[in-house]
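Structure data (CSV, C-alpha atoms and all ligand atoms) from model11.csv:
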chain,number,residue,atom,x,y,z
A,1,MET,CA,2.4,19.8,-11.4
A,2,THR,CA,3.1,18.0,-14.7
A,3,ARG,CA,1.8,14.6,-15.9
A,4,SER,CA,4.8,12.4,-15.7
A,5,HIS,CA,3.4,9.2,-17.2
A,6,GLN,CA,1.5,8.5,-20.4
A,7,PRO,CA,-2.1,7.3,-19.8
A,8,GLY,CA,-2.1,3.5,-20.1
A,9,GLU,CA,1.6,3.1,-19.1
A,10,LEU,CA,2.0,0.1,-16.8
A,11,LEU,CA,3.1,1.3,-13.4
A,12,LEU,CA,2.7,-1.7,-11.1
A,13,ARG,CA,2.5,-5.4,-11.7
A,14,LEU,CA,1.9,-8.0,-9.1
A,15,ARG,CA,2.2,-11.7,-9.8
A,16,GLY,CA,1.6,-14.6,-7.5
A,17,VAL,CA,1.6,-12.5,-4.4
A,18,THR,CA,0.8,-14.4,-1.3
A,19,LYS,CA,0.7,-13.2,2.3
A,20,GLN,CA,0.5,-15.5,5.3
A,21,PHE,CA,0.1,-14.5,8.9
A,22,GLY,CA,1.1,-17.7,10.7
A,23,ALA,CA,-1.5,-20.2,9.6
A,24,VAL,CA,-3.8,-17.6,8.0
A,25,THR,CA,-3.4,-17.1,4.3
A,26,ALA,CA,-4.7,-13.5,3.8
A,27,LEU,CA,-3.7,-13.3,0.1
A,28,GLN,CA,-3.0,-16.1,-2.3
A,29,ASP,CA,-1.5,-15.9,-5.8
A,30,ILE,CA,-2.7,-12.3,-6.4
A,31,GLU,CA,-2.3,-10.7,-9.8
A,32,LEU,CA,-2.8,-7.0,-10.2
A,33,ASP,CA,-1.8,-4.5,-12.9
A,34,ILE,CA,-2.1,-0.7,-12.4
A,35,HIS,CA,-1.7,1.7,-15.3
A,36,ALA,CA,-1.2,5.5,-15.3
A,37,GLY,CA,-4.5,7.4,-15.7
A,38,GLU,CA,-6.9,4.6,-14.5
A,39,VAL,CA,-9.0,4.0,-11.5
A,40,VAL,CA,-8.9,0.4,-10.3
A,41,ALA,CA,-11.4,-0.5,-7.7
A,42,LEU,CA,-10.5,-3.3,-5.3
A,43,VAL,CA,-13.7,-4.9,-3.9
A,44,GLY,CA,-14.5,-7.9,-1.8
A,45,ASP,CA,-16.4,-8.9,1.3
A,46,ASN,CA,-15.1,-8.5,4.8
A,47,GLY,CA,-11.9,-10.5,5.2
A,48,ALA,CA,-11.4,-10.8,1.4
A,49,GLY,CA,-7.8,-9.4,1.8
A,50,LYS,CA,-8.3,-5.8,0.5
A,51,SER,CA,-6.6,-4.2,3.5
A,52,THR,CA,-3.7,-6.7,3.4
A,53,LEU,CA,-3.1,-6.0,-0.2
A,54,VAL,CA,-3.1,-2.3,0.3
A,55,LYS,CA,-0.7,-2.7,3.2
A,56,VAL,CA,1.6,-4.8,1.0
A,57,LEU,CA,1.7,-2.0,-1.5
A,58,ALA,CA,2.1,0.7,1.2
A,59,GLY,CA,5.1,-1.1,2.6
A,60,VAL,CA,3.4,-2.0,5.9
A,61,HIS,CA,3.5,-5.8,5.2
A,62,GLN,CA,6.0,-7.8,3.1
A,63,PRO,CA,4.6,-10.5,0.8
A,64,THR,CA,5.4,-14.0,1.8
A,65,THR,CA,6.0,-15.0,-1.9
A,66,GLY,CA,5.4,-13.5,-5.3
A,67,THR,CA,6.8,-10.7,-7.3
A,68,ILE,CA,6.2,-6.9,-7.5
A,69,GLU,CA,7.3,-5.0,-10.6
A,70,TYR,CA,7.2,-1.2,-10.3
A,71,LEU,CA,7.9,1.0,-13.3
A,72,GLY,CA,9.3,-2.0,-15.1
A,73,GLN,CA,11.7,-3.1,-12.4
A,74,PRO,CA,11.5,-5.7,-9.6
A,75,ALA,CA,10.6,-3.8,-6.4
A,76,THR,CA,10.3,-4.2,-2.7
A,77,PHE,CA,8.4,-1.8,-0.5
A,78,ASP,CA,10.1,-2.6,2.7
A,79,SER,CA,8.7,0.3,4.8
A,80,PRO,CA,5.9,2.8,4.4
A,81,GLY,CA,8.5,5.6,4.0
A,82,LYS,CA,10.1,3.6,1.1
A,83,ALA,CA,6.8,3.1,-0.6
A,84,LEU,CA,6.0,6.8,-0.4
A,85,GLU,CA,9.4,7.8,-1.5
A,86,MET,CA,9.0,5.5,-4.6
A,87,GLY,CA,5.7,7.1,-5.5
A,88,ILE,CA,3.0,5.0,-3.8
A,89,ALA,CA,0.8,7.2,-1.5
A,90,THR,CA,-2.0,5.9,0.7
A,91,VAL,CA,-4.9,7.8,2.2
A,92,PHE,CA,-6.0,5.5,5.0
A,93,GLN,CA,-9.5,5.7,6.4
A,94,ASP,CA,-8.6,7.7,9.5
A,95,LEU,CA,-7.1,10.4,7.2
A,96,ALA,CA,-4.5,11.3,9.8
A,97,LEU,CA,-5.3,15.1,9.8
A,98,CYS,CA,-4.7,17.4,12.7
A,99,GLU,CA,-8.1,18.9,13.8
A,100,ASN,CA,-6.7,22.0,15.3
A,101,LEU,CA,-4.4,23.0,12.4
A,102,ASP,CA,-5.5,24.7,9.3
A,103,VAL,CA,-5.6,23.3,5.7
A,104,VAL,CA,-2.2,24.7,4.8
A,105,ALA,CA,-0.5,23.3,7.9
A,106,ASN,CA,-2.2,19.9,7.3
A,107,LEU,CA,-1.2,19.8,3.6
A,108,PHE,CA,2.5,20.4,4.5
A,109,LEU,CA,2.6,18.4,7.7
A,110,GLY,CA,5.8,16.3,7.6
A,111,HIS,CA,6.9,17.8,4.2
A,112,GLU,CA,7.2,21.5,4.8
A,113,VAL,CA,8.6,23.4,1.8
A,114,ASN,CA,11.7,24.2,3.7
A,115,PRO,CA,12.0,22.6,7.1
A,116,TRP,CA,14.6,25.1,8.3
A,117,ALA,CA,12.7,28.2,7.3
A,118,LEU,CA,9.0,27.5,6.9
A,119,ASP,CA,7.9,29.8,4.1
A,120,GLU,CA,4.3,30.3,4.9
A,121,VAL,CA,3.5,32.4,1.9
A,122,GLN,CA,5.0,29.9,-0.5
A,123,MET,CA,3.1,27.1,1.2
A,124,GLU,CA,-0.2,29.0,1.1
A,125,VAL,CA,0.2,29.7,-2.6
A,126,ARG,CA,1.1,26.1,-3.4
A,127,ALA,CA,-1.9,24.9,-1.3
A,128,TRP,CA,-4.3,27.2,-3.2
A,129,THR,CA,-2.8,26.2,-6.6
A,130,LEU,CA,-3.2,22.5,-5.9
A,131,LEU,CA,-6.7,22.9,-4.5
A,132,ARG,CA,-7.8,25.0,-7.4
A,133,GLU,CA,-6.3,22.5,-9.9
A,134,LEU,CA,-8.4,19.8,-8.1
A,135,ALA,CA,-11.4,22.2,-8.2
A,136,ALA,CA,-11.7,21.5,-4.5
A,137,ARG,CA,-14.4,23.3,-2.6
A,138,ILE,CA,-12.5,24.5,0.5
A,139,PRO,CA,-13.7,27.9,1.8
A,140,SER,CA,-10.3,29.0,3.0
A,141,VAL,CA,-6.9,27.3,3.4
A,142,ARG,CA,-6.7,29.1,6.8
A,143,GLU,CA,-9.8,27.2,8.0
A,144,PRO,CA,-9.0,24.6,10.8
A,145,ILE,CA,-9.7,21.0,9.8
A,146,ALA,CA,-12.3,20.8,12.7
A,147,SER,CA,-14.6,23.1,10.8
A,148,LEU,CA,-14.6,21.2,7.5
A,149,SER,CA,-17.1,18.7,6.2
A,150,GLY,CA,-16.2,15.0,5.8
A,151,GLY,CA,-15.9,15.5,2.0
A,152,GLN,CA,-13.6,18.5,2.5
A,153,ARG,CA,-11.4,16.6,4.9
A,154,GLN,CA,-11.1,13.7,2.4
A,155,THR,CA,-10.2,16.3,-0.2
A,156,VAL,CA,-7.4,17.7,2.0
A,157,ALA,CA,-6.1,14.3,2.7
A,158,ILE,CA,-6.0,13.4,-1.0
A,159,ALA,CA,-4.4,16.8,-1.9
A,160,ARG,CA,-1.8,16.2,0.8
A,161,SER,CA,-0.8,12.9,-0.7
A,162,LEU,CA,-0.6,14.5,-4.2
A,163,LEU,CA,2.0,17.1,-3.0
A,164,LEU,CA,4.7,14.4,-3.3
A,165,ASP,CA,3.5,13.7,-6.9
A,166,PRO,CA,3.0,10.0,-6.4
A,167,LYS,CA,2.6,7.7,-9.4
A,168,ILE,CA,-0.1,5.7,-7.6
A,169,ILE,CA,-2.5,6.8,-4.9
A,170,MET,CA,-4.5,4.3,-2.8
A,171,LEU,CA,-7.8,5.5,-1.3
A,172,ASP,CA,-9.2,3.3,1.5
A,173,GLU,CA,-13.0,3.7,1.6
A,174,PRO,CA,-12.9,7.5,0.8
A,175,THR,CA,-16.7,7.8,0.8
A,176,ALA,CA,-17.5,5.6,3.7
A,177,ALA,CA,-18.8,8.3,6.1
A,178,LEU,CA,-20.1,10.7,3.5
A,179,GLY,CA,-23.6,11.9,2.4
A,180,VAL,CA,-24.8,12.0,-1.2
A,181,ALA,CA,-23.5,15.4,-2.2
A,182,GLN,CA,-20.1,14.9,-0.5
A,183,THR,CA,-19.7,11.5,-2.1
A,184,ALA,CA,-20.3,13.1,-5.5
A,185,GLU,CA,-17.6,15.7,-4.7
A,186,VAL,CA,-15.1,13.0,-3.7
A,187,LEU,CA,-15.9,10.9,-6.8
A,188,ASN,CA,-15.3,14.0,-9.0
A,189,LEU,CA,-12.0,14.5,-7.2
A,190,ILE,CA,-11.0,10.9,-7.9
A,191,GLU,CA,-11.7,11.5,-11.6
A,192,ARG,CA,-9.6,14.6,-11.6
A,193,VAL,CA,-6.7,12.8,-9.9
A,194,ARG,CA,-7.0,10.1,-12.6
A,195,ASP,CA,-7.0,12.7,-15.3
A,196,ARG,CA,-3.7,14.1,-14.0
A,197,GLY,CA,-2.2,10.7,-14.9
A,198,HIS,CA,-2.0,9.1,-11.5
A,199,GLY,CA,-2.9,5.4,-11.1
A,200,VAL,CA,-5.7,5.3,-8.5
A,201,ILE,CA,-6.5,2.2,-6.4
A,202,LEU,CA,-9.9,2.6,-4.8
A,203,ILE,CA,-11.1,0.4,-2.0
A,204,SER,CA,-14.8,0.6,-1.5
A,205,HIS,CA,-17.8,-1.3,-0.3
A,206,ASN,CA,-20.1,0.9,-2.2
A,207,MET,CA,-20.9,-0.7,-5.6
A,208,GLU,CA,-22.5,2.4,-7.0
A,209,ASP,CA,-19.4,4.5,-6.3
A,210,VAL,CA,-17.2,1.8,-7.8
A,211,ARG,CA,-19.3,1.4,-10.9
A,212,ALA,CA,-19.4,5.2,-11.3
A,213,VAL,CA,-15.7,5.9,-11.3
A,214,ALA,CA,-13.7,2.7,-11.8
A,215,ASP,CA,-12.2,1.8,-15.2
A,216,ARG,CA,-11.6,-1.7,-13.9
A,217,ILE,CA,-13.0,-3.6,-10.9
A,218,VAL,CA,-10.8,-6.2,-9.3
A,219,VAL,CA,-12.7,-8.6,-7.1
A,220,LEU,CA,-11.0,-10.4,-4.2
A,221,ARG,CA,-12.6,-13.3,-2.5
A,222,LEU,CA,-11.1,-15.3,0.4
A,223,GLY,CA,-7.7,-13.8,-0.4
A,224,ARG,CA,-7.8,-14.7,-4.1
A,225,ASN,CA,-8.6,-13.0,-7.4
A,226,ASN,CA,-12.2,-13.7,-8.3
A,227,GLY,CA,-12.4,-11.8,-11.6
A,228,THR,CA,-11.6,-8.4,-13.1
A,229,PHE,CA,-14.5,-6.5,-14.7
A,230,ASN,CA,-15.2,-3.2,-16.4
A,231,ALA,CA,-17.6,-0.7,-15.1
A,232,ASN,CA,-20.5,-2.1,-17.3
A,233,ILE,CA,-20.8,-5.1,-15.0
A,234,SER,CA,-24.3,-5.3,-13.5
A,235,HIS,CA,-24.8,-5.0,-9.8
A,236,GLN,CA,-25.9,-8.6,-9.7
A,237,GLU,CA,-22.9,-9.9,-11.5
A,238,LEU,CA,-20.6,-8.0,-9.2
A,239,VAL,CA,-22.4,-9.3,-6.1
A,240,ALA,CA,-22.1,-12.8,-7.5
A,241,ALA,CA,-18.3,-12.4,-7.9
A,242,ILE,CA,-17.9,-10.9,-4.4
A,243,THR,CA,-20.0,-13.6,-2.7
A,244,GLY,CA,-18.9,-16.4,-4.9
A,245,ALA,CA,-22.4,-17.4,-5.7
A,246,SER,CA,-24.8,-16.5,-8.5
A,247,GLU,CA,-27.8,-17.4,-6.4
A,248,ASN,CA,-27.9,-16.0,-2.9
A,249,SER,CA,-30.1,-13.7,-0.8
A,250,VAL,CA,-28.4,-10.5,-1.9
A,251,SER,CA,-28.6,-11.3,-5.6
A,252,ARG,CA,-32.2,-12.5,-5.3
A,253,ARG,CA,-33.2,-9.3,-3.6
A,254,ALA,CA,-31.4,-7.2,-6.3
A,255,ALA,CA,-33.2,-9.2,-9.0
A,256,ARG,CA,-36.6,-8.7,-7.3
A,257,LYS,CA,-35.8,-4.9,-7.1
A,258,LEU,CA,-35.0,-4.9,-10.8
A,259,GLU,CA,-38.2,-6.8,-11.6
A,260,THR,CA,-40.3,-4.4,-9.6
A,261,ALA,CA,-38.6,-1.4,-11.3
A,262,ASP,CA,-39.4,-3.0,-14.7
A,263,GLN,CA,-43.0,-3.6,-13.7
A,264,ILE,CA,-43.4,0.1,-12.6
A,265,GLY,CA,-41.7,1.2,-15.8
A,266,GLU,CA,-44.2,-0.9,-17.9
A,267,ALA,CA,-47.2,0.3,-15.9
A,268,LEU,CA,-46.2,3.9,-16.6
A,269,GLN,CA,-45.8,3.4,-20.3
A,301,LIG,N1,-2.0,-8.9,11.1
A,301,LIG,C1,-2.8,-10.0,10.8
A,301,LIG,N2,-2.6,-11.1,11.5
A,301,LIG,C2,-3.3,-12.2,11.3
A,301,LIG,N3,-4.3,-12.3,10.4
A,301,LIG,C3,-4.6,-11.2,9.7
A,301,LIG,C4,-3.8,-10.0,9.9
A,301,LIG,N4,-4.3,-9.0,9.0
A,301,LIG,C5,-5.3,-9.6,8.3
A,301,LIG,N5,-5.5,-10.9,8.7
A,301,LIG,C6,-6.4,-11.9,8.2
A,301,LIG,O1,-6.3,-11.8,6.8
A,301,LIG,C7,-7.6,-12.0,6.2
A,301,LIG,C8,-7.9,-10.8,5.2
A,301,LIG,O2,-8.1,-9.6,6.0
A,301,LIG,P1,-8.2,-8.1,5.4
A,301,LIG,O3,-8.3,-7.2,6.6
A,301,LIG,O4,-7.1,-7.9,4.5
A,301,LIG,O5,-9.6,-8.2,4.6
A,301,LIG,P2,-10.4,-7.0,4.1
A,301,LIG,O6,-10.9,-7.4,2.7
A,301,LIG,O7,-9.7,-5.7,4.1
A,301,LIG,O8,-11.7,-6.9,5.0
A,301,LIG,P3,-12.5,-5.7,5.6
A,301,LIG,O9,-13.3,-5.2,4.5
A,301,LIG,O10,-13.2,-6.3,6.8
A,301,LIG,O11,-11.4,-4.6,6.1
A,301,LIG,C9,-8.6,-12.1,7.3
A,301,LIG,O12,-8.9,-13.5,7.5
A,301,LIG,C10,-7.9,-11.5,8.5
A,301,LIG,O13,-8.3,-12.0,9.7

Rewrite the structure of this file - the entire thing - as structure tokens.
Amino acid sequence: MTRSHQPGELLLRLRGVTKQFGAVTALQDIELDIHAGEVVALVGDNGAGKSTLVKVLAGVHQPTTGTIEYLGQPATFDSPGKALEMGIATVFQDLALCENLDVVANLFLGHEVNPWALDEVQMEVRAWTLLRELAARIPSVREPIASLSGGQRQTVAIARSLLLDPKIIMLDEPTAALGVAQTAEVLNLIERVRDRGHGVILISHNMEDVRAVADRIVVLRLGRNNGTFNANISHQELVAAITGASENSVSRRAARKLETADQIGEALQ
């Protein structure tokens, strides 16, 4: 698969995007830019509007007002099929994999190489090639999903969305249910996806993961933009942007931890 966009090329631009559900304003005046070859993390507390924003981009919800520009043109994603067709893929948290089918079958589910004459060999070769390119640790493409680990399942779901060669891939909490080693594997995979030139939108509650892989961190709070940061932001500053306060119990606890770590460091010197 070839890289179709230069790193840094603007893929998506949102301006003044608002989404109302009756009296509830889930998103207000949102600005968001996504470039080729970057990971943008979308963070915020529960109810901040992350899922709503992802659903707007995935064609599930239509914005109430505001503009979306995609590849330099005004765009509307009026259905999930349309968003996918235009090159915006979403890996939702449930992954939507079929437990009893093997990796190849899951990769091609819904987009078989040739729906009239399924070419198993061709699909298997393509599956291996893609997984090898992603350096994915899948024991065999003939393994049923049920026997794979959480990290491997996430890998299969991400690989599946890459088969359509999207410009942008949105990952909803890809490490939520994973252990340390599996999380590291998925974060490596995210970096490889970025290095292939895709724009990656990462929704995560895990600040360590976010700071480890994101090129930019976009904070939403109560449905609005509350700052865009680079990965050098401290944990404390990020918590402050998310909670909307520089002084709160979370940031105080983080500060105490840092102080204790400093004291231990000094004592050891
Ligand atoms: N279909 C809907 N109808 C009415 N209100 C909705 C709907 N979807 C979301 N909301 C409201 O919009 C606001 C933003 O919700 P959203 O799910 O986007 O937040 P979130 O940041 O994804 O939170 P979480 O981390 O808990 O998933 C919330 O107040 C929520 O109740």

Original post:
When the cut-off is 10 Å and you count only C-alpha atoms and all ligand atoms, which residues lie near ligand LIG 301 (chain A), shown as a ChimeraX atom specification?
Top reply: /A:19-27,42-56,61,172-173,203-205,220-223

**OP:** Have a look at CA of Asp29 in chain A and CA of Pro63 in chain A and let me know their distance in Å, one decimal.
**Re:**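 Straight-line distance from CA of Asp29 in chain A to CA of Pro63 in chain A works out to 10.5 Å.
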
Original post:
For Gly199 in chain A, which of A:Gly151, A:Gly87, A:Pro74, A:Gly179 is the closest residue, counting all atoms listed in the file?
Top reply: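 Checking each of A:Gly151, A:Gly87, A:Pro74, A:Gly179 against Gly199 in chain A, counting all atoms listed in the file, the winner is A:Gly87.
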
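You will find CA of Ala241 in chain A at 12.2 Å from CA of Met207 in chain A.
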
Original post:
Closest to Asp165 in chain A among A:Glu124, A:Glu85, A:Asp33, A:Glu237, using all atoms listed in the file?
Top reply: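 So, comparing all the options, the nearest one is A:Glu85.
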
Subject >> Residue nearest Ala136 in chain A - candidates A:Ile233, A:Leu189, A:Ala89, A:Leu84, atoms counted: all atoms listed in the file >> reply: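 The shortest atom-to-atom distance to Ala136 in chain A comes from A:Leu189.
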
**OP:** For Ala214 in chain A, work out the shell of residues within 6 Å, counting all atoms listed in the file and skipping chain neighbours fewer than 4 positions away, then give it as a PyMOL selection string.
**Re:** chain A and resi 39-41+210

Could you name the residues that touch Glu208 in chain A at 9 Å or less, counting all atoms listed in the file, but leaving out those on the same chain fewer than 4 positions away, as a PDB file with C-alpha atoms, in the frame of the given file?
ATOM      1  CA  ALA A 212     -19.400   5.200 -11.300  1.00  0.00           C
ATOM      2  CA  VAL A 213     -15.700   5.900 -11.300  1.00  0.00           C
ATOM      3  CA  HIS A 235     -24.800  -5.000  -9.800  1.00  0.00           C
TER       4      HIS A 235
END

N, CA and C atoms for range 160-187 of chain A, written as a CSV table (one decimal), in the frame of the given file, could you do that?
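Just written: selection.csv:
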chain,number,residue,atom,x,y,z
A,160,ARG,N,-3.1,16.3,0.1
A,160,ARG,CA,-1.8,16.2,0.8
A,160,ARG,C,-0.9,15.1,0.2
A,161,SER,N,-1.6,14.0,-0.2
A,161,SER,CA,-0.8,12.9,-0.7
A,161,SER,C,-0.3,13.2,-2.1
A,162,LEU,N,-1.0,14.2,-2.8
A,162,LEU,CA,-0.6,14.5,-4.2
A,162,LEU,C,0.6,15.5,-4.2
A,163,LEU,N,0.9,16.1,-3.1
A,163,LEU,CA,2.0,17.1,-3.0
A,163,LEU,C,3.3,16.4,-3.3
A,164,LEU,N,3.4,15.1,-3.0
A,164,LEU,CA,4.7,14.4,-3.3
A,164,LEU,C,4.7,13.8,-4.7
A,165,ASP,N,3.7,14.2,-5.5
A,165,ASP,CA,3.5,13.7,-6.9
A,165,ASP,C,3.7,12.2,-7.0
A,166,PRO,N,2.9,11.4,-6.3
A,166,PRO,CA,3.0,10.0,-6.4
A,166,PRO,C,2.6,9.5,-7.8
A,167,LYS,N,3.1,8.3,-8.2
A,167,LYS,CA,2.6,7.7,-9.4
A,167,LYS,C,1.2,7.0,-9.1
A,168,ILE,N,1.1,6.4,-7.9
A,168,ILE,CA,-0.1,5.7,-7.6
A,168,ILE,C,-0.6,6.2,-6.3
A,169,ILE,N,-1.9,6.4,-6.2
A,169,ILE,CA,-2.5,6.8,-4.9
A,169,ILE,C,-3.6,5.8,-4.5
A,170,MET,N,-3.5,5.3,-3.3
A,170,MET,CA,-4.5,4.3,-2.8
A,170,MET,C,-5.5,5.0,-1.9
A,171,LEU,N,-6.7,4.8,-2.1
A,171,LEU,CA,-7.8,5.5,-1.3
A,171,LEU,C,-8.6,4.4,-0.6
A,172,ASP,N,-8.5,4.4,0.7
A,172,ASP,CA,-9.2,3.3,1.5
A,172,ASP,C,-10.6,3.9,1.9
A,173,GLU,N,-11.6,3.4,1.3
A,173,GLU,CA,-13.0,3.7,1.6
A,173,GLU,C,-13.2,5.2,1.7
A,174,PRO,N,-12.9,6.0,0.7
A,174,PRO,CA,-12.9,7.5,0.8
A,174,PRO,C,-14.3,8.0,0.9
A,175,THR,N,-15.4,7.3,0.6
A,175,THR,CA,-16.7,7.8,0.8
A,175,THR,C,-17.5,7.2,1.9
A,176,ALA,N,-16.8,6.4,2.7
A,176,ALA,CA,-17.5,5.6,3.7
A,176,ALA,C,-18.5,6.4,4.6
A,177,ALA,N,-18.0,7.5,5.1
A,177,ALA,CA,-18.8,8.3,6.1
A,177,ALA,C,-19.5,9.5,5.5
A,178,LEU,N,-19.7,9.5,4.1
A,178,LEU,CA,-20.1,10.7,3.5
A,178,LEU,C,-21.6,10.6,3.0
A,179,GLY,N,-22.2,11.8,3.0
A,179,GLY,CA,-23.6,11.9,2.4
A,179,GLY,C,-23.5,11.9,0.9
A,180,VAL,N,-24.7,12.1,0.3
A,180,VAL,CA,-24.8,12.0,-1.2
A,180,VAL,C,-24.0,13.1,-1.9
A,181,ALA,N,-24.1,14.3,-1.5
A,181,ALA,CA,-23.5,15.4,-2.2
A,181,ALA,C,-21.9,15.4,-2.0
A,182,GLN,N,-21.5,15.0,-0.8
A,182,GLN,CA,-20.1,14.9,-0.5
A,182,GLN,C,-19.5,13.8,-1.2
A,183,THR,N,-20.2,12.7,-1.3
A,183,THR,CA,-19.7,11.5,-2.1
A,183,THR,C,-19.5,11.9,-3.5
A,184,ALA,N,-20.4,12.6,-4.1
A,184,ALA,CA,-20.3,13.1,-5.5
A,184,ALA,C,-19.1,13.9,-5.7
A,185,GLU,N,-18.8,14.8,-4.7
A,185,GLU,CA,-17.6,15.7,-4.7
A,185,GLU,C,-16.4,14.9,-4.7
A,186,VAL,N,-16.3,13.9,-3.8
A,186,VAL,CA,-15.1,13.0,-3.7
A,186,VAL,C,-14.9,12.2,-5.0
A,187,LEU,N,-16.0,11.7,-5.6
A,187,LEU,CA,-15.9,10.9,-6.8
A,187,LEU,C,-15.4,11.8,-8.0
